[in-house]
Amino acid sequence: MQKSADKMLEVNLKQKEYYEISEGELYNTEKQNIATRLWTILRNSFNGFRSESNIESDVIEKHWEWIGGISSAKILDLGCHTGNPLSLDLAQKSKEYIGIDLSSSAIKILQEKIDALETQNAKTFSLDFLSTDFQEEHKNSIDIIYAKAVAHHFKEFDLFLEKCDYVLKDGGKVITFDPADTYLPMTILRAAYRPFQSDKDWEWPFTKQTYKEIEKVFKITDIIGILGRSKYAFPVYFLNKNLGMKLAKRFHSYDKLHSKDNGKALWSCMQVAMCWQKVP
């Protein structure tokens, strides 16, 4: 396991360099090759589609439902970068908020946002979640790990699960949102472009095996598959926005209802949101 940890720490040093940003930038575009830039364009198009069809807001609402009341909770916002849609609310509403990210420049921006709120219970740090110092300092002390688009960055996924388990209290939760690699056409597409991307060393979308690994350590209390049937509204959206959004909402309702179990409806989804719980 130590060898796995050492490998991941090396990979994370590369990630840190990749995700460092300049003023006015979201990502270090100089580190992105043409394959990565093309994929970023496609991903951003899907993000816009998700946002305008209210799929994104629906997922955020579900995240809040899973998080629940946090006035007495210690929150770890993992891989928060400059702040995700929940970061500032989590910082304001929780008893204690810790935001961590590999990028020191991104964390500086988030800290400035938090300082503007005059929130005394929130701290941010540029550090590696896998570091021994962080793990020991927060052993069995965290109520909720909020990991939006983070968990799939760990090739050694069993190590990530072990570290989450180590810092969580009994009954603590991990809230996630990640890309999935269970839809065959996307699997084929990924196989074609992934080897050429700048960030290939730390992009590991969830496979069917991922769910089995999670269930060895945590109880999966809820799942939402995203962009399953609703992804078919994406091309319609560009031809007729109103019709595309109408279909997306209808198909998303189907995805939510039928993707709760590890079955065909979930495997057709391109993304997945989950709530895991540490059971004593």
# chains A, B, ... in the order shown; residues from 1 in each chain; ligands from 1
>>> select_by_dssp(residues="stretch 46-277 of chain A", states="strand (DSSP E or B)", output="PyMOL selection string")
chain A and resi 74-78+96-101+122-126+142-148+168-180+206+219-226+271-277
>>> write_last_selection(atoms="C-alpha atoms", output="tab-separated table (two decimals), in the first residue's frame")
chain	number	residue	atom	x	y	z
A	74	LYS	CA	-16.92	19.51	10.45
A	75	ILE	CA	-16.78	19.63	6.64
A	76	LEU	CA	-13.90	18.74	4.33
A	77	ASP	CA	-14.32	20.33	0.89
A	78	LEU	CA	-11.92	18.12	-1.05
A	96	GLU	CA	-15.91	23.98	10.90
A	97	TYR	CA	-14.95	24.11	7.22
A	98	ILE	CA	-11.69	22.92	5.70
A	99	GLY	CA	-11.12	23.45	2.00
A	100	ILE	CA	-8.11	21.74	0.42
A	101	ASP	CA	-6.75	21.63	-3.10
A	122	ALA	CA	-13.44	28.36	7.61
A	123	LYS	CA	-9.86	27.61	6.58
A	124	THR	CA	-8.31	26.63	3.27
A	125	PHE	CA	-5.03	24.91	2.51
A	126	SER	CA	-2.98	23.92	-0.50
A	142	ILE	CA	-14.70	14.74	9.86
A	143	ASP	CA	-18.48	14.50	9.46
A	144	ILE	CA	-18.76	15.08	5.71
A	145	ILE	CA	-16.31	14.91	2.82
A	146	TYR	CA	-17.66	16.88	-0.12
A	147	ALA	CA	-15.79	15.66	-3.20
A	148	LYS	CA	-17.24	17.19	-6.35
A	168	LEU	CA	-14.31	10.23	8.78
A	169	LYS	CA	-16.23	9.77	12.00
A	170	ASP	CA	-18.48	6.73	12.32
A	171	GLY	CA	-21.65	7.61	10.44
A	172	GLY	CA	-19.78	10.20	8.37
A	173	LYS	CA	-20.57	10.71	4.69
A	174	VAL	CA	-18.77	11.16	1.40
A	175	ILE	CA	-20.72	13.11	-1.24
A	176	THR	CA	-19.41	12.66	-4.79
A	177	PHE	CA	-19.96	13.66	-8.40
A	178	ASP	CA	-17.83	11.99	-11.08
A	179	PRO	CA	-17.73	10.89	-14.72
A	180	ALA	CA	-18.65	7.27	-15.42
A	206	PHE	CA	-15.94	5.15	-12.51
A	219	LYS	CA	-22.53	1.80	2.39
A	220	ILE	CA	-23.84	3.53	-0.75
A	221	THR	CA	-27.00	5.15	0.58
A	222	ASP	CA	-28.13	6.86	-2.62
A	223	ILE	CA	-27.18	7.19	-6.31
A	224	ILE	CA	-28.21	9.49	-9.14
A	225	GLY	CA	-27.13	8.60	-12.66
A	226	ILE	CA	-26.75	11.70	-14.84
A	271	GLN	CA	-21.90	10.85	-14.85
A	272	VAL	CA	-22.90	9.75	-11.38
A	273	ALA	CA	-23.55	11.42	-8.02
A	274	MET	CA	-23.43	9.33	-4.85
A	275	CYS	CA	-23.67	9.43	-1.08
A	276	TRP	CA	-21.51	6.95	0.83
A	277	GLN	CA	-21.69	6.43	4.58
>>> residues_around(residues="stretch 70-73 of chain A", least_positions_apart="3", cutoff="6 Å", atoms="only C-alpha atoms", output="list in words")
Lys93, Ser94, Lys95 and Asp143 of chain A
>>> write_last_selection(atoms="N, CA and C atoms", output="PDB file, in the first residue's frame")
ATOM      1  N   LYS A  93     -22.196  27.822   6.734  1.00  0.00           N
ATOM      2  CA  LYS A  93     -23.214  27.111   7.508  1.00  0.00           C
ATOM      3  C   LYS A  93     -22.653  26.046   8.459  1.00  0.00           C
ATOM      4  N   SER A  94     -21.435  25.584   8.225  1.00  0.00           N
ATOM      5  CA  SER A  94     -20.890  24.494   9.047  1.00  0.00           C
ATOM      6  C   SER A  94     -20.217  25.024  10.310  1.00  0.00           C
ATOM      7  N   LYS A  95     -20.035  24.148  11.259  1.00  0.00           N
ATOM      8  CA  LYS A  95     -19.322  24.503  12.486  1.00  0.00           C
ATOM      9  C   LYS A  95     -17.845  24.726  12.189  1.00  0.00           C
ATOM     10  N   ASP A 143     -17.096  14.971   9.616  1.00  0.00           N
ATOM     11  CA  ASP A 143     -18.476  14.499   9.457  1.00  0.00           C
ATOM     12  C   ASP A 143     -18.845  14.271   7.991  1.00  0.00           C
TER      13      ASP A 143
END
>>> residues_around(residues="A:His258", least_positions_apart="5", cutoff="10 Å", atoms="only C-alpha atoms", output="mmCIF file with C-alpha atoms, in the first residue's frame")
data_model
loop_
_atom_site.group_PDB
_atom_site.id
_atom_site.type_symbol
_atom_site.label_atom_id
_atom_site.label_comp_id
_atom_site.auth_asym_id
_atom_site.auth_seq_id
_atom_site.Cartn_x
_atom_site.Cartn_y
_atom_site.Cartn_z
ATOM 1 C CA ILE A 223 -27.184 7.187 -6.310
ATOM 2 C CA ILE A 224 -28.208 9.486 -9.138
ATOM 3 C CA GLY A 225 -27.128 8.605 -12.661
ATOM 4 C CA GLY A 228 -28.246 8.547 -19.164
ATOM 5 C CA HIS A 252 -33.550 13.236 -16.417
ATOM 6 C CA SER A 253 -36.583 12.305 -14.333
ATOM 7 C CA GLY A 263 -28.188 -1.925 -13.398
ATOM 8 C CA LYS A 264 -28.718 -1.068 -17.049
ATOM 9 C CA ALA A 265 -30.096 2.441 -16.456
ATOM 10 C CA LEU A 266 -27.086 3.408 -14.302
#
>>> residues_around(residues="A:Leu9", least_positions_apart="5", cutoff="10 Å", atoms="only C-alpha atoms", output="list in words")
Lys3, Ser4, Lys14, Gln15, Asp128, Phe129, Leu130 and Ser131 of chain A
>>> closest_residue(among="A:Gln197, A:Trp66, A:Ser259, A:Lys212", to="A:Ile34", atoms="only C-alpha atoms")
A:Gln197
>>> atom_distance(atom1="atom CA of A:Ile109", atom2="atom CA of A:His81")
8.5 Å
>>> select_by_dssp(residues="stretch 61-246 of chain A", states="helix (DSSP H, G or I)", output="JSON, numbers by chain")
{"A": [61, 62, 63, 64, 65, 66, 67, 87, 88, 89, 90, 91, 92, 93, 104, 105, 106, 107, 108, 109, 110, 111, 112, 113, 114, 115, 116, 132, 133, 134, 135, 136, 137, 151, 152, 153, 157, 158, 159, 160, 161, 162, 163, 164, 165, 166, 167, 184, 185, 186, 187, 188, 189, 190, 191, 192, 193, 194, 195, 196, 200, 201, 202, 208, 209, 210, 211, 212, 213, 214, 215, 216, 217, 229, 230, 231, 232, 233, 234, 235, 236, 237, 238, 239, 241, 242, 243, 244, 245, 246]}
>>> closest_residue(among="A:Arg229, A:Lys241, A:Lys7, A:Lys62", to="A:Asp255", atoms="only C-alpha atoms")
A:Arg229
